[in-house]
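S.K.: Pasting in a structure now, in structure tokens, and then I'll have a few things to ask.
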Amino acid sequence: MIKYPERVLIVALPVRMDNGEVRCFTGYRVQHSTARGPAKGGIRYHPQVTLDEVKALATAMTWKCAVVNVPFGGGKGGVTCNPKEMSPSELERLTRRYTASILPLIGPEKDIPAPDVYTNPQMMAWIMDSYSMMRANGYPVWGVVTGKPLSVGGCAGRDEATGRGVFYTLECALEHLRIPMKGAQVVLQGFGKTGSVAALLLHSHQAKVIAVSDTRGGVYSDKGLDIPQLVEYKRKTGSVAGFPGGEPISSEDLLALECEVLIPAALENAINGDNAKRVRAKVIAEAANGPLTREADTILEGKGVFIIPDILCNAGGVTVSYFEWVQNQQHMSWDLHEVHERLEQVLKRAFWEVVELRSQRSVSMRLAALMLAIQRVADAVKVRGLYP
């Protein structure tokens with residue numbers, strides 16, 4: 001029953017463009033499992049969005065929610081479009097049309113979307129507003145979507161949640177392996193929202209970030225990079241390339257640096273069977289989704305590298321999305337300190353549960369995380385039984 005998605009919706013989305021032409025886009029919403037609670041998962045706008053991709057991502061969300069014991073199932077949505085070629089008004093019309101088309105599936109107790117690739121808090125506000133107009137005569141239904149702006153029911157700390165979650169799980173991993181945080185050499189591939197937040201937290205806890213890369217280049221310093229200055233430099237220039245506080249380095253050479261921690265926070269399959277052989281890190285924290293190929297995973301496990309799997313490492317985002325939903329449903333508002341405190345509690349508890357199962361069953365961290373997640377979903381399916 002958990003092998004296949006529960007519901008798959010494919011919708012045609014005719015949208016009037018700014019030039020008066022009507023273009024028809026294709027949209028998807030997939031609910032993999034609602035055994036443990038409402039479906040939860042982002043919406044992505046991208047030219048390469050396909051149904052198979054959305055199904056796979058919805059399935060991954062089921063396991064991600066289950067491993068941190070958030071009472072949601074897995075869902076995902078997408079629209080095949082190129083948002084970079086669309087105006088704000090065209091994106092608004094597309095978003096509102098998409099909301100109307102998936103209306104039968106979504107709702108605070110049914111399926112709660114969130115931002116993903118090339119979608120943002122403003123689009124979540126449009127979804128919330130459209131749903132409220134169609135389902136509640138205009139009265140706000142805050143809990144239909146998460147990742148909203150603070151002014152319309154958003155949650156403090158949501159933007160930094162994934163990066164902060166990476167830090168919390170990494171903190172546990174270093175403790176488990178008895179590697180001191182102070183002076184630990186860290187390498188980051190990817191310096192977007194997730195990577196930069198994790199780097200700032202590591203820097204503030206006296207770890208030494210020696211190399212960082214993004215899509216345009218990399219920078220390296222064996223003495224450690226000044227991360228606050230690097231964040232400001234990227235804000236001004238759009239890239240870490242050319243940062244005066246270090247030397248240029250390619251992404252491939254960066255992966256081969258000797259270090260305690262490697263954080264792939266960029267693309268899927270960034271570490272493969274070829275470059276995995278050059279990796280010299282003791283710990284890999286999968287901040288990105290699926291940054292290791294299966295072959296790379298086998299090679300690195302064989303070398304004794306401790307891998308924090310993506311469904312655990314980057315679950316901070318969905319955890320704080322859950323916090324946002326809880327606040328919306330209970331008409332409460334938590335301050336930033338409370339959000340951080342609760343996030344740390346959830347992620348660290350999940351980490352140690354996975355470590356315990358890994359020790360009991362003599363398996364990898366990845367397999368232990370999946371075993372824990374699948375068992376929780378299977379238990380819910382079994383207890384609920386079959387209807388009719």
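Residue numbering restarts at 1 for every chain of the structure tokens, chains are lettered A, B, ... in their displayed order, and ligands are numbered from 1 as they appear.
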Which neighbours of Phe25 of chain A fall inside 10 Å, counting only C-alpha atoms, when residues of the same chain fewer than 3 positions from it are skipped, and could you give them as a list in words?
M.R.: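 Listed by chain and then number, they are Val11, Ala12, Leu13, Pro14, Val15, Val22, Val79, Thr80, Cys81, Leu94 and Tyr98 of chain A.
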S.K.: Taking only segment 56-184 of chain A into account, list the residues labelled strand (DSSP E) by DSSP (computed from the backbone), as a list in words.
M.R.: Gly73, Gly74, Gly75, Lys76, Gly77, Gly78, Val79, Thr80, Asp111, Ile112, Pro113, Ala114 and Pro115 of chain A
S.K.: For C-alpha atoms, I'd like the residues from the last selection saved as a PDB file, in the first residue's frame.
M.R.:
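For reference, again_25.pdb as written:
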ATOM      1  CA  GLY A  73       2.373  12.256   5.026  1.00  0.00           C
ATOM      2  CA  GLY A  74       4.168  12.960   1.770  1.00  0.00           C
ATOM      3  CA  GLY A  75       2.962  15.135  -1.072  1.00  0.00           C
ATOM      4  CA  LYS A  76       4.449  17.182  -3.890  1.00  0.00           C
ATOM      5  CA  GLY A  77       3.297  19.497  -6.636  1.00  0.00           C
ATOM      6  CA  GLY A  78       4.705  21.069  -9.745  1.00  0.00           C
ATOM      7  CA  VAL A  79       3.987  23.072 -12.861  1.00  0.00           C
ATOM      8  CA  THR A  80       5.922  22.627 -16.090  1.00  0.00           C
ATOM      9  CA  ASP A 111      -2.765  18.443   1.914  1.00  0.00           C
ATOM     10  CA  ILE A 112      -0.614  21.447   2.807  1.00  0.00           C
ATOM     11  CA  PRO A 113       1.698  22.766   0.047  1.00  0.00           C
ATOM     12  CA  ALA A 114       4.853  24.853   0.585  1.00  0.00           C
ATOM     13  CA  PRO A 115       7.540  26.598  -1.503  1.00  0.00           C
TER      14      PRO A 115
END
S.K.: Have a look at A:Thr215, A:Ser132, A:Ser333, A:Asn137 and name the one nearest to Gly154 of chain A; count only C-alpha atoms.
M.R.: A:Ser333
S.K.: Give me the residues near Ala265 of chain A as a ChimeraX atom specification, where near means some atom within 6 Å (using only C-alpha atoms) and where sequence neighbours in that chain fewer than 2 positions away do not count.
M.R.: /A:189-190,195,263,287-288
S.K.: Export, as an mmCIF file, in the first residue's frame, the selected residues with C-alpha atoms.
M.R.:
data_model
loop_
_atom_site.group_PDB
_atom_site.id
_atom_site.type_symbol
_atom_site.label_atom_id
_atom_site.label_comp_id
_atom_site.auth_asym_id
_atom_site.auth_seq_id
_atom_site.Cartn_x
_atom_site.Cartn_y
_atom_site.Cartn_z
ATOM 1 C CA GLN A 189 29.557 22.647 -1.964
ATOM 2 C CA GLY A 190 26.698 25.098 -2.434
ATOM 3 C CA GLY A 195 24.573 26.240 2.882
ATOM 4 C CA ILE A 263 28.399 19.430 3.218
ATOM 5 C CA ALA A 287 22.066 19.232 3.007
ATOM 6 C CA ALA A 288 20.878 18.830 -0.602
#
S.K.: Please, what distance in Å, to one decimal, runs between atom CA of Ser321 of chain A and atom CA of Arg36 of chain A?
M.R.: 16.0 Å
S.K.: DSSP on the backbone: what in segment 332-363 of chain A comes out alpha helix (DSSP H), as a ChimeraX atom specification?
M.R.: /A:336-361
